[in-house]
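Here the structure comes first, spelled out in structure tokens, and everything after it is commentary.
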Amino acid sequence: MNALPQPETETVSFANTTEPKAERRPARPVVEPLTGTPPRSAWVEVDLTKLHRNFQLIARDKPPGVKLLSVVKDDGYGHGAPAVVRAAVEAGALWLAFSTVEEAVALREAGVALPMLLLGDRQERELRWCVEHNLTCCVSERAALTRLAELGGRYNRCIPVHLKVNTGMNRYGVRWNDAVPLAIEIAASRTVRLEGILSHFAQSDEADKTFAMMQLARFKEVLLGLAEAGLPTPVRHLCNSGGFLDLPQAHFDMVRLGILPMGVFPSSVCRRIPGLEPAMSVKARIAAIQQLQPGDCVGYGMRFTATGRQRIAVLPIGYGDGFPRVRNQGFALVRGKRAPLVGGVAMDALTIDITDIPEAELWDEAVLMGCQGEEEISVHEVAKLKNSVSYDVLTSWRERLPRIYVNPPSR
Ligand SMILES: Cc1ncc(COP(=O)(O)O)c(C=O)c1O
């Protein structure tokens, strides 16, 4: 952001005065120049010690021979990619993964040298960007392979790729029973090299692992096909967070973890790693307090009517910041107590009932997601308000909410 213009000192006209100018001149105000970005009284807070500890606990939990790939897409699941990369690298992560070329290029240009895998398939015009910035592509079909092989020739390089196998998710990837011929083609190329092979679970974090086991069997079938074709074994990776926690038989050479290091378990039934804690909180300060009389309404559409004398606090955060657009649902924490949301969430504000928290004052800190005292509003609780999942909540806080990094780890 550009530096803000510096405030000018006051100018005073002396045109109509008969008194000596020197005596009328006001003291010159001393104003420090403003720096940084303007403060906002609503923000996303990321606890760096928790983020680092989560990665360390996962690194300790994982079998030593299994490599860690940190999935940093969507700005590190909303936590800020640079902070996540730093914590991942310190815990020994050897790979990073992104879903857009832009995100990966930004980190390359910031000096991150780790191998970077782009999940999903790439359009032809993205491929040169990948080659120039050393970003590893997944290959699911022949056209991309041909184009990458041409680029390898032009750049005089042997370009590493990972073969993406569709074992049942039916999103990206070559269908498992067509995968070996494509792998053989890659292996035959002089300008492209089969560095890795992967697939992705459609359902790894639920109690019923039937489908996941079928996907695992199909993946193994492909690996057997590669071995039978005499191809060297590439880096094999199949597990996301759910698979990592619950399917040790599917760990292979590397696991791709996104949500777990953020301290959020992908489901309520998967295995727990003790000590993991959510690194992200969402907070706002009470910007106004209204004393309601019985019959008074609150907000657009008059969705809440006071039944008695009620005290209402306004928090300057709304659906324009990514908070779910609910009415008379959900809570915020104030002074360690739950205050129910009343009325409808607006674009820039929401209202909570603080009648039972008489000690609450203007500009008190309120928590919309996270802990305060003994109370917690979990990401899953917010997800219920959206009728969605934790992944959606973490990545939906909008950019206009500043990310504030607190509690850096002691070194
Ligand atoms: C291919 C792939 N691998 C791994 C992950 C990480 O998943 P999770 O956040 O559940 O660990 C994702 C995320 O969606 C993905 O698309």
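Just remember, in the structure tokens the first chain shown is A, the second B, etc., residues are 1-based per chain, and ligands are 1-based in the order shown.
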
Residues of chain A at most 7 Å from ligand 1: nearest atom pair and distance in Å, only C-alpha atoms and all ligand atoms, as CSV:
residue,atom,partner,partner_atom_place_in_ligand_line,distance
A:Val71,CA,ligand 1,6 (C),5.8
A:Leu119,CA,ligand 1,1 (C),5.6
A:His200,CA,ligand 1,1 (C),5.3
A:Cys239,CA,ligand 1,4 (C),6.8
A:Asn240,CA,ligand 1,11 (O),4.1
A:Ser241,CA,ligand 1,11 (O),3.6
A:Gly242,CA,ligand 1,10 (O),6.0
A:Arg256,CA,ligand 1,4 (C),4.7
A:Leu257,CA,ligand 1,11 (O),3.8
A:Gly258,CA,ligand 1,9 (O),3.5
A:Ile259,CA,ligand 1,9 (O),3.9
A:Leu260,CA,ligand 1,11 (O),6.0
A:Pro266,CA,ligand 1,10 (O),6.1

Generate the output file for the selected residues, C-alpha atoms, as a PDB file, in the first residue's frame.
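Output saved as again.pdb:
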ATOM      1  CA  VAL A  71      -0.669 -27.656   0.938  1.00  0.00           C
ATOM      2  CA  LEU A 119      -2.520 -29.510  -7.937  1.00  0.00           C
ATOM      3  CA  HIS A 200      -6.677 -38.046  -4.127  1.00  0.00           C
ATOM      4  CA  CYS A 239      -3.037 -39.013   1.568  1.00  0.00           C
ATOM      5  CA  ASN A 240      -4.612 -35.722   2.541  1.00  0.00           C
ATOM      6  CA  SER A 241      -5.174 -34.938   6.258  1.00  0.00           C
ATOM      7  CA  GLY A 242      -7.918 -37.560   6.691  1.00  0.00           C
ATOM      8  CA  ARG A 256      -0.129 -33.815   1.471  1.00  0.00           C
ATOM      9  CA  LEU A 257      -1.485 -31.906   4.446  1.00  0.00           C
ATOM     10  CA  GLY A 258      -3.562 -28.747   4.282  1.00  0.00           C
ATOM     11  CA  ILE A 259      -6.086 -28.324   7.063  1.00  0.00           C
ATOM     12  CA  LEU A 260      -4.475 -30.411   9.821  1.00  0.00           C
ATOM     13  CA  PRO A 266     -10.990 -32.628   8.890  1.00  0.00           C
TER      14      PRO A 266
END

Residues of region 198-305 of chain A in strand (DSSP E), written as a short mmCIF file (atom, residue, chain, number, x, y, z; two decimals) with N, CA, C and O atoms, in the first residue's frame:
data_model
loop_
_atom_site.label_atom_id
_atom_site.label_comp_id
_atom_site.auth_asym_id
_atom_site.auth_seq_id
_atom_site.Cartn_x
_atom_site.Cartn_y
_atom_site.Cartn_z
N LEU A 198 0.43 -39.64 -8.03
CA LEU A 198 -0.49 -39.33 -6.92
C LEU A 198 -1.94 -39.63 -7.29
O LEU A 198 -2.28 -39.73 -8.48
N VAL A 235 7.99 -40.92 -6.71
CA VAL A 235 7.50 -40.54 -5.37
C VAL A 235 5.99 -40.78 -5.37
O VAL A 235 5.25 -40.20 -6.18
N ARG A 236 5.53 -41.62 -4.43
CA ARG A 236 4.11 -42.02 -4.42
C ARG A 236 3.39 -41.25 -3.31
O ARG A 236 3.84 -41.28 -2.16
N HIS A 237 2.27 -40.58 -3.64
CA HIS A 237 1.53 -39.87 -2.59
C HIS A 237 0.03 -39.88 -2.84
O HIS A 237 -0.43 -39.64 -3.95
N LEU A 238 -0.69 -40.18 -1.77
CA LEU A 238 -2.14 -40.36 -1.88
C LEU A 238 -2.91 -39.63 -0.76
O LEU A 238 -4.05 -39.24 -0.97
N CYS A 239 -2.27 -39.45 0.38
CA CYS A 239 -3.04 -39.01 1.57
C CYS A 239 -3.15 -37.50 1.71
O CYS A 239 -2.16 -36.78 1.63
N MET A 254 4.95 -39.90 0.73
CA MET A 254 4.72 -38.49 1.10
C MET A 254 3.24 -38.30 1.43
O MET A 254 2.38 -38.98 0.84
N VAL A 255 2.95 -37.38 2.35
CA VAL A 255 1.55 -37.04 2.63
C VAL A 255 1.35 -35.55 2.35
O VAL A 255 2.25 -34.74 2.59
N ARG A 256 0.16 -35.21 1.86
CA ARG A 256 -0.13 -33.81 1.47
C ARG A 256 -1.12 -33.24 2.47
O ARG A 256 -2.31 -33.56 2.44
N LEU A 257 -0.62 -32.39 3.36
CA LEU A 257 -1.49 -31.91 4.45
C LEU A 257 -1.81 -30.43 4.30
O LEU A 257 -0.92 -29.60 4.15
N MET A 280 -6.08 -19.99 13.93
CA MET A 280 -6.80 -18.79 13.48
C MET A 280 -7.95 -18.42 14.43
O MET A 280 -8.71 -19.28 14.86
N SER A 281 -8.05 -17.14 14.73
CA SER A 281 -9.24 -16.61 15.43
C SER A 281 -9.75 -15.43 14.62
O SER A 281 -8.99 -14.83 13.85
N VAL A 282 -11.01 -15.08 14.84
CA VAL A 282 -11.57 -13.88 14.21
C VAL A 282 -12.15 -13.01 15.31
O VAL A 282 -12.91 -13.49 16.16
N LYS A 283 -11.75 -11.73 15.31
CA LYS A 283 -12.10 -10.85 16.43
C LYS A 283 -12.60 -9.50 15.93
O LYS A 283 -12.31 -9.11 14.79
N ALA A 284 -13.33 -8.82 16.80
CA ALA A 284 -13.78 -7.45 16.49
C ALA A 284 -13.98 -6.72 17.81
O ALA A 284 -14.16 -7.37 18.86
N ARG A 285 -13.93 -5.41 17.77
CA ARG A 285 -14.16 -4.64 19.00
C ARG A 285 -15.57 -4.04 18.97
O ARG A 285 -16.06 -3.67 17.90
N ALA A 288 -20.27 0.11 19.17
CA ALA A 288 -21.41 0.92 19.66
C ALA A 288 -22.24 0.05 20.60
O ALA A 288 -22.22 -1.18 20.48
N ILE A 289 -22.92 0.71 21.53
CA ILE A 289 -23.83 -0.02 22.43
C ILE A 289 -25.17 0.70 22.43
O ILE A 289 -25.22 1.94 22.51
N GLN A 290 -26.25 -0.07 22.29
CA GLN A 290 -27.60 0.50 22.29
C GLN A 290 -28.39 -0.07 23.47
O GLN A 290 -28.30 -1.27 23.74
N GLN A 291 -29.13 0.81 24.15
CA GLN A 291 -30.03 0.37 25.22
C GLN A 291 -31.42 0.25 24.60
O GLN A 291 -31.98 1.25 24.16
N LEU A 292 -31.97 -0.95 24.54
CA LEU A 292 -33.29 -1.13 23.91
C LEU A 292 -34.40 -1.10 24.96
O LEU A 292 -34.22 -1.57 26.10
N CYS A 297 -36.77 -2.69 17.73
CA CYS A 297 -36.24 -3.69 16.79
C CYS A 297 -34.77 -3.43 16.53
O CYS A 297 -34.26 -2.36 16.81
N VAL A 298 -34.12 -4.43 15.94
CA VAL A 298 -32.70 -4.30 15.62
C VAL A 298 -32.46 -4.65 14.15
O VAL A 298 -32.88 -5.71 13.69
N PHE A 304 -35.37 -8.72 14.79
CA PHE A 304 -35.31 -8.98 16.23
C PHE A 304 -36.05 -7.87 16.95
O PHE A 304 -35.84 -6.68 16.68
N THR A 305 -36.93 -8.27 17.88
CA THR A 305 -37.66 -7.29 18.68
C THR A 305 -37.37 -7.55 20.15
O THR A 305 -37.49 -8.70 20.62
#

Close residues, region 88-98 of chain A itself excluded, 7 Å, only C-alpha atoms, min 2 positions apart in chain, as a list in words = Phe55, Gln56, Ala59, Lys67, Leu68, Leu69, Ser70, Val71, Val72, Lys73, Val84, Val85, Arg86, Thr100, Glu103, Ala104, Leu114, Pro115, Met116, Leu117, Leu118 and Leu119 of chain A

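Nearest to Lys50 (chain A) of all the residues A:Val326, A:Gly336, A:Gly275, A:Trp129 is A:Gly275, counting only C-alpha atoms.
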
Shell of 8 Å around Ser199 (chain A), only C-alpha atoms, local chain residues under 5 positions omitted, as a list in words = Lys164, Val165, Asn166, Thr167, Gly173, Phe219, His237 and Leu238 of chain A

I need the residues from that last selection saved to file as a PDB file, in the first residue's frame (with N, CA, C and O atoms), if you can.
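For reference, part05.pdb as written:
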ATOM      1  N   LYS A 164      -1.077 -37.782 -12.328  1.00  0.00           N
ATOM      2  CA  LYS A 164      -2.273 -37.751 -11.473  1.00  0.00           C
ATOM      3  C   LYS A 164      -3.213 -38.870 -11.915  1.00  0.00           C
ATOM      4  O   LYS A 164      -3.635 -38.926 -13.074  1.00  0.00           O
ATOM      5  N   VAL A 165      -3.552 -39.739 -10.956  1.00  0.00           N
ATOM      6  CA  VAL A 165      -4.392 -40.898 -11.265  1.00  0.00           C
ATOM      7  C   VAL A 165      -5.768 -40.695 -10.634  1.00  0.00           C
ATOM      8  O   VAL A 165      -5.876 -40.374  -9.446  1.00  0.00           O
ATOM      9  N   ASN A 166      -6.779 -40.865 -11.452  1.00  0.00           N
ATOM     10  CA  ASN A 166      -8.156 -40.782 -10.954  1.00  0.00           C
ATOM     11  C   ASN A 166      -8.574 -42.168 -10.473  1.00  0.00           C
ATOM     12  O   ASN A 166      -8.837 -43.063 -11.277  1.00  0.00           O
ATOM     13  N   THR A 167      -8.629 -42.323  -9.154  1.00  0.00           N
ATOM     14  CA  THR A 167      -8.994 -43.635  -8.606  1.00  0.00           C
ATOM     15  C   THR A 167     -10.451 -43.666  -8.130  1.00  0.00           C
ATOM     16  O   THR A 167     -10.864 -44.611  -7.450  1.00  0.00           O
ATOM     17  N   GLY A 173      -7.209 -36.229 -13.220  1.00  0.00           N
ATOM     18  CA  GLY A 173      -6.438 -37.473 -13.273  1.00  0.00           C
ATOM     19  C   GLY A 173      -6.834 -38.386 -14.414  1.00  0.00           C
ATOM     20  O   GLY A 173      -7.975 -38.357 -14.898  1.00  0.00           O
ATOM     21  N   PHE A 219      -5.003 -47.557  -6.708  1.00  0.00           N
ATOM     22  CA  PHE A 219      -3.697 -46.886  -6.771  1.00  0.00           C
ATOM     23  C   PHE A 219      -2.584 -47.941  -6.767  1.00  0.00           C
ATOM     24  O   PHE A 219      -1.629 -47.870  -7.556  1.00  0.00           O
ATOM     25  N   HIS A 237       2.268 -40.580  -3.640  1.00  0.00           N
ATOM     26  CA  HIS A 237       1.534 -39.870  -2.586  1.00  0.00           C
ATOM     27  C   HIS A 237       0.029 -39.881  -2.839  1.00  0.00           C
ATOM     28  O   HIS A 237      -0.426 -39.644  -3.949  1.00  0.00           O
ATOM     29  N   LEU A 238      -0.693 -40.183  -1.775  1.00  0.00           N
ATOM     30  CA  LEU A 238      -2.142 -40.361  -1.877  1.00  0.00           C
ATOM     31  C   LEU A 238      -2.908 -39.634  -0.765  1.00  0.00           C
ATOM     32  O   LEU A 238      -4.049 -39.236  -0.966  1.00  0.00           O
TER      33      LEU A 238
END

task = Using DSSP on the backbone coordinates, identify the residues of region 125-248 of chain A assigned to alpha helix (DSSP H); present them as a ChimeraX atom specification.
result = /A:125-132,142-155,179-188,210-228,241-246

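Minimum atom-to-atom distance to Ala287 (chain A), evaluated using only C-alpha atoms, belongs to A:Thr351 out of A:Ser396, A:Asn387, A:Thr351, A:Thr191.
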
key: Closest of A:Arg303, A:Leu368, A:Val101, A:Thr37 to Ala383 (chain A) - atom-to-atom distances counting only C-alpha atoms   = A:Leu368

I'd like the contact shell of Gly370 (chain A) - 12 Å cut-off, only C-alpha atoms, skipping same-chain residues fewer than 2 positions apart - returned as a CSV table (one decimal) with all heavy atoms, in the first residue's frame.
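To be explicit, this is the file written out as result_38.csv:
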chain,number,residue,atom,x,y,z
A,44,VAL,N,-8.5,-10.9,11.5
A,44,VAL,CA,-8.2,-12.3,11.6
A,44,VAL,C,-6.9,-12.4,12.3
A,44,VAL,O,-5.9,-11.7,12.0
A,44,VAL,CB,-8.1,-13.0,10.2
A,44,VAL,CG1,-7.5,-14.4,10.4
A,44,VAL,CG2,-9.4,-13.0,9.5
A,45,GLU,N,-6.8,-13.2,13.4
A,45,GLU,CA,-5.6,-13.3,14.2
A,45,GLU,C,-5.0,-14.7,14.0
A,45,GLU,O,-5.7,-15.7,14.1
A,45,GLU,CB,-6.0,-13.0,15.7
A,45,GLU,CG,-4.8,-12.7,16.5
A,45,GLU,CD,-5.3,-12.2,17.9
A,45,GLU,OE1,-5.7,-11.0,18.0
A,45,GLU,OE2,-5.2,-13.0,18.8
A,46,VAL,N,-3.7,-14.7,13.7
A,46,VAL,CA,-3.1,-16.0,13.5
A,46,VAL,C,-2.0,-16.2,14.6
A,46,VAL,O,-1.1,-15.3,14.7
A,46,VAL,CB,-2.5,-16.2,12.1
A,46,VAL,CG1,-1.7,-17.5,12.0
A,46,VAL,CG2,-3.5,-16.0,11.1
A,47,ASP,N,-2.1,-17.2,15.4
A,47,ASP,CA,-1.2,-17.5,16.5
A,47,ASP,C,0.0,-18.3,15.9
A,47,ASP,O,-0.2,-19.5,15.6
A,47,ASP,CB,-1.9,-18.2,17.6
A,47,ASP,CG,-1.0,-18.4,18.9
A,47,ASP,OD1,0.1,-18.8,18.7
A,47,ASP,OD2,-1.5,-18.1,20.0
A,263,GLY,N,-4.5,-26.8,12.7
A,263,GLY,CA,-5.0,-27.1,14.0
A,263,GLY,C,-6.5,-27.5,13.9
A,263,GLY,O,-7.2,-27.5,14.9
A,264,VAL,N,-6.9,-27.8,12.7
A,264,VAL,CA,-8.3,-28.1,12.5
A,264,VAL,C,-8.4,-29.6,12.0
A,264,VAL,O,-7.8,-29.9,10.9
A,264,VAL,CB,-9.0,-27.1,11.5
A,264,VAL,CG1,-10.5,-27.6,11.3
A,264,VAL,CG2,-9.0,-25.7,12.1
A,277,GLU,N,-3.9,-27.3,18.0
A,277,GLU,CA,-4.9,-26.2,18.4
A,277,GLU,C,-5.1,-25.3,17.2
A,277,GLU,O,-4.1,-25.0,16.4
A,277,GLU,CB,-4.3,-25.3,19.5
A,277,GLU,CG,-4.3,-25.9,20.8
A,277,GLU,CD,-3.7,-25.0,21.8
A,277,GLU,OE1,-2.4,-24.9,21.9
A,277,GLU,OE2,-4.4,-24.2,22.5
A,278,PRO,N,-6.3,-24.8,16.9
A,278,PRO,CA,-6.6,-23.9,15.8
A,278,PRO,C,-5.7,-22.7,15.9
A,278,PRO,O,-5.6,-22.1,17.0
A,278,PRO,CB,-8.0,-23.6,15.9
A,278,PRO,CG,-8.6,-24.6,16.8
A,278,PRO,CD,-7.5,-25.1,17.7
A,279,ALA,N,-5.0,-22.3,14.8
A,279,ALA,CA,-4.1,-21.2,14.8
A,279,ALA,C,-4.9,-19.9,14.5
A,279,ALA,O,-4.4,-18.8,14.8
A,279,ALA,CB,-3.0,-21.4,13.8
A,280,MET,N,-6.1,-20.0,13.9
A,280,MET,CA,-6.8,-18.8,13.5
A,280,MET,C,-7.9,-18.4,14.4
A,280,MET,O,-8.7,-19.3,14.9
A,280,MET,CB,-7.4,-19.0,12.1
A,280,MET,CG,-8.1,-17.8,11.5
A,280,MET,SD,-9.1,-18.2,10.0
A,280,MET,CE,-7.9,-18.3,8.8
A,281,SER,N,-8.0,-17.1,14.7
A,281,SER,CA,-9.2,-16.6,15.4
A,281,SER,C,-9.7,-15.4,14.6
A,281,SER,O,-9.0,-14.8,13.8
A,281,SER,CB,-8.9,-16.1,16.8
A,281,SER,OG,-8.2,-17.0,17.6
A,282,VAL,N,-11.0,-15.1,14.8
A,282,VAL,CA,-11.6,-13.9,14.2
A,282,VAL,C,-12.2,-13.0,15.3
A,282,VAL,O,-12.9,-13.5,16.2
A,282,VAL,CB,-12.6,-14.3,13.2
A,282,VAL,CG1,-13.2,-13.0,12.5
A,282,VAL,CG2,-12.0,-15.1,12.1
A,283,LYS,N,-11.8,-11.7,15.3
A,283,LYS,CA,-12.1,-10.9,16.4
A,283,LYS,C,-12.6,-9.5,15.9
A,283,LYS,O,-12.3,-9.1,14.8
A,283,LYS,CB,-10.9,-10.6,17.3
A,283,LYS,CG,-10.3,-11.9,17.9
A,283,LYS,CD,-9.1,-11.7,18.8
A,283,LYS,CE,-8.7,-13.0,19.4
A,283,LYS,NZ,-7.6,-12.9,20.3
A,284,ALA,N,-13.3,-8.8,16.8
A,284,ALA,CA,-13.8,-7.4,16.5
A,284,ALA,C,-14.0,-6.7,17.8
A,284,ALA,O,-14.2,-7.4,18.9
A,284,ALA,CB,-15.1,-7.5,15.7
A,331,PHE,N,-23.2,-17.0,18.0
A,331,PHE,CA,-22.7,-16.3,19.2
A,331,PHE,C,-21.4,-15.5,18.9
A,331,PHE,O,-20.7,-15.8,18.0
A,331,PHE,CB,-22.4,-17.3,20.3
A,331,PHE,CG,-23.7,-18.0,20.8
A,331,PHE,CD1,-24.1,-19.2,20.2
A,331,PHE,CD2,-24.4,-17.5,21.9
A,331,PHE,CE1,-25.2,-19.8,20.7
A,331,PHE,CE2,-25.5,-18.1,22.4
A,331,PHE,CZ,-25.9,-19.3,21.7
A,332,ALA,N,-21.1,-14.5,19.8
A,332,ALA,CA,-19.8,-14.0,19.9
A,332,ALA,C,-19.4,-14.1,21.4
A,332,ALA,O,-20.3,-14.2,22.2
A,332,ALA,CB,-19.8,-12.5,19.5
A,333,LEU,N,-18.1,-14.1,21.6
A,333,LEU,CA,-17.6,-14.2,23.0
A,333,LEU,C,-17.2,-12.7,23.5
A,333,LEU,O,-16.5,-12.1,22.7
A,333,LEU,CB,-16.4,-15.1,23.2
A,333,LEU,CG,-16.6,-16.5,22.6
A,333,LEU,CD1,-15.3,-17.3,22.8
A,333,LEU,CD2,-17.8,-17.2,23.4
A,334,VAL,N,-17.7,-12.3,24.6
A,334,VAL,CA,-17.4,-11.0,25.2
A,334,VAL,C,-17.1,-11.3,26.7
A,334,VAL,O,-17.9,-11.9,27.4
A,334,VAL,CB,-18.5,-10.0,25.0
A,334,VAL,CG1,-18.2,-8.7,25.7
A,334,VAL,CG2,-18.8,-9.8,23.5
A,336,GLY,N,-15.4,-13.4,28.0
A,336,GLY,CA,-15.4,-14.8,28.3
A,336,GLY,C,-16.7,-15.4,28.3
A,336,GLY,O,-16.9,-16.6,28.8
A,338,ARG,N,-20.7,-16.1,26.3
A,338,ARG,CA,-21.4,-16.2,25.0
A,338,ARG,C,-22.5,-15.1,24.9
A,338,ARG,O,-23.4,-15.1,25.8
A,338,ARG,CB,-22.1,-17.6,24.8
A,338,ARG,CG,-21.1,-18.6,24.5
A,338,ARG,CD,-21.7,-19.9,24.2
A,338,ARG,NE,-20.6,-20.8,23.6
A,338,ARG,CZ,-20.6,-21.1,22.4
A,338,ARG,NH1,-21.6,-20.8,21.5
A,338,ARG,NH2,-19.6,-21.8,21.9
A,366,ALA,N,-14.2,-8.7,21.1
A,366,ALA,CA,-15.2,-9.8,21.0
A,366,ALA,C,-14.6,-10.9,20.1
A,366,ALA,O,-13.8,-10.5,19.1
A,366,ALA,CB,-16.5,-9.3,20.5
A,367,VAL,N,-14.9,-12.1,20.3
A,367,VAL,CA,-14.3,-13.2,19.5
A,367,VAL,C,-15.5,-13.9,18.7
A,367,VAL,O,-16.5,-14.3,19.3
A,367,VAL,CB,-13.6,-14.3,20.4
A,367,VAL,CG1,-13.2,-15.5,19.6
A,367,VAL,CG2,-12.4,-13.6,21.0
A,368,LEU,N,-15.3,-13.9,17.4
A,368,LEU,CA,-16.4,-14.5,16.6
A,368,LEU,C,-16.0,-16.0,16.2
A,368,LEU,O,-16.8,-16.8,15.9
A,368,LEU,CB,-16.6,-13.7,15.3
A,368,LEU,CG,-17.2,-12.4,15.8
A,368,LEU,CD1,-16.6,-11.2,15.0
A,368,LEU,CD2,-18.7,-12.4,15.6
A,372,GLN,N,-11.9,-17.5,24.2
A,372,GLN,CA,-11.8,-16.3,25.1
A,372,GLN,C,-12.2,-16.9,26.5
A,372,GLN,O,-13.3,-17.4,26.6
A,372,GLN,CB,-12.8,-15.2,24.7
A,372,GLN,CG,-12.4,-13.9,25.3
A,372,GLN,CD,-13.4,-12.8,25.0
A,372,GLN,OE1,-14.6,-13.0,25.2
A,372,GLN,NE2,-13.0,-11.7,24.4
A,373,GLY,N,-11.2,-16.8,27.4
A,373,GLY,CA,-11.5,-17.4,28.7
A,373,GLY,C,-11.6,-18.9,28.5
A,373,GLY,O,-10.9,-19.5,27.8
A,374,GLU,N,-12.7,-19.4,29.1
A,374,GLU,CA,-12.9,-20.9,29.1
A,374,GLU,C,-13.8,-21.2,27.9
A,374,GLU,O,-14.1,-22.4,27.6
A,374,GLU,CB,-13.7,-21.3,30.3
A,374,GLU,CG,-13.0,-21.1,31.6
A,374,GLU,CD,-11.7,-21.9,31.7
A,374,GLU,OE1,-11.8,-23.1,31.6
A,374,GLU,OE2,-10.6,-21.2,31.9
A,375,GLU,N,-14.3,-20.2,27.2
A,375,GLU,CA,-15.3,-20.5,26.1
A,375,GLU,C,-14.6,-20.6,24.7
A,375,GLU,O,-13.5,-19.9,24.5
A,375,GLU,CB,-16.3,-19.3,26.0
A,375,GLU,CG,-17.4,-19.4,27.0
A,375,GLU,CD,-18.4,-20.6,26.7
A,375,GLU,OE1,-18.4,-21.1,25.6
A,375,GLU,OE2,-19.3,-20.8,27.6
A,376,GLU,N,-15.2,-21.3,23.8
A,376,GLU,CA,-14.7,-21.4,22.5
A,376,GLU,C,-15.8,-21.4,21.4
A,376,GLU,O,-16.8,-22.0,21.7
A,376,GLU,CB,-13.9,-22.7,22.3
A,376,GLU,CG,-13.3,-22.8,20.9
A,376,GLU,CD,-12.5,-24.1,20.6
A,376,GLU,OE1,-12.4,-24.9,21.5
A,376,GLU,OE2,-11.9,-24.1,19.5
A,377,ILE,N,-15.6,-20.7,20.4
A,377,ILE,CA,-16.5,-20.8,19.2
A,377,ILE,C,-15.6,-21.4,18.1
A,377,ILE,O,-14.6,-20.8,17.6
A,377,ILE,CB,-17.0,-19.5,18.7
A,377,ILE,CG1,-18.0,-18.9,19.8
A,377,ILE,CG2,-17.8,-19.6,17.4
A,377,ILE,CD1,-18.5,-17.5,19.5
A,378,SER,N,-15.9,-22.7,17.8
A,378,SER,CA,-15.0,-23.4,16.9
A,378,SER,C,-15.3,-23.1,15.5
A,378,SER,O,-16.4,-22.6,15.2
A,378,SER,CB,-15.1,-24.9,17.2
A,378,SER,OG,-16.4,-25.4,16.6
A,379,VAL,N,-14.3,-23.4,14.6
A,379,VAL,CA,-14.6,-23.2,13.2
A,379,VAL,C,-15.8,-24.1,12.7
A,379,VAL,O,-16.5,-23.7,11.8
A,379,VAL,CB,-13.3,-23.5,12.4
A,379,VAL,CG1,-12.8,-24.9,12.6
A,379,VAL,CG2,-13.4,-23.3,10.9
A,380,HIS,N,-15.9,-25.2,13.4
A,380,HIS,CA,-17.1,-26.1,13.0
A,380,HIS,C,-18.4,-25.5,13.4
A,380,HIS,O,-19.4,-25.6,12.7
A,380,HIS,CB,-16.9,-27.5,13.7
A,380,HIS,CG,-15.6,-28.1,13.4
A,380,HIS,ND1,-15.3,-28.6,12.1
A,380,HIS,CD2,-14.5,-28.3,14.1
A,380,HIS,CE1,-14.0,-29.1,12.1
A,380,HIS,NE2,-13.5,-28.9,13.3
A,381,GLU,N,-18.4,-24.7,14.5
A,381,GLU,CA,-19.6,-24.1,14.9
A,381,GLU,C,-20.0,-23.0,13.9
A,381,GLU,O,-21.1,-22.8,13.5
A,381,GLU,CB,-19.4,-23.4,16.3
A,381,GLU,CG,-20.7,-22.8,16.9
A,381,GLU,CD,-20.5,-22.3,18.3
A,381,GLU,OE1,-19.6,-22.8,19.1
A,381,GLU,OE2,-21.4,-21.5,18.7
A,382,VAL,N,-19.0,-22.2,13.4
A,382,VAL,CA,-19.2,-21.2,12.4
A,382,VAL,C,-19.7,-21.9,11.1
A,382,VAL,O,-20.6,-21.4,10.4
A,382,VAL,CB,-18.0,-20.3,12.2
A,382,VAL,CG1,-18.3,-19.3,11.1
A,382,VAL,CG2,-17.5,-19.7,13.5
A,394,LEU,N,-12.5,-21.3,6.9
A,394,LEU,CA,-11.1,-20.8,7.0
A,394,LEU,C,-10.7,-19.9,5.9
A,394,LEU,O,-10.0,-18.9,6.0
A,394,LEU,CB,-10.1,-21.9,7.1
A,394,LEU,CG,-10.2,-22.8,8.4
A,394,LEU,CD1,-9.2,-23.9,8.3
A,394,LEU,CD2,-9.9,-22.0,9.7

Closest-contact table, region 31-147 of chain A side, partner region 313-318 of chain A, 9 Å, counting only C-alpha atoms, as CSV:
residue,atom,partner,partner_atom,distance
A:Arg40,CA,A:Pro316,CA,8.9
A:Ser41,CA,A:Pro316,CA,6.9
A:Ala42,CA,A:Ile317,CA,6.1
A:Trp43,CA,A:Ile317,CA,8.7

note = Counting only C-alpha atoms, the residue among A:Arg325, A:Arg398, A:Arg175, A:Arg122 that lies closest to Thr136 (chain A) is A:Arg122

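The spacing separating CA of Arg400 (chain A) from CA of Ala81 (chain A) amounts to 16.4 Å.
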
task = With a distance cut-off of 12 Å and only C-alpha atoms, select the neighbouring residues of Val139 (chain A), excluding the residue or stretch itself and same-chain residues fewer than 5 positions from it, and output the selection as a ChimeraX atom specification.
result = /A:117-124,127,144-149,159-166,172-175,179,182-183,185-186,192-199
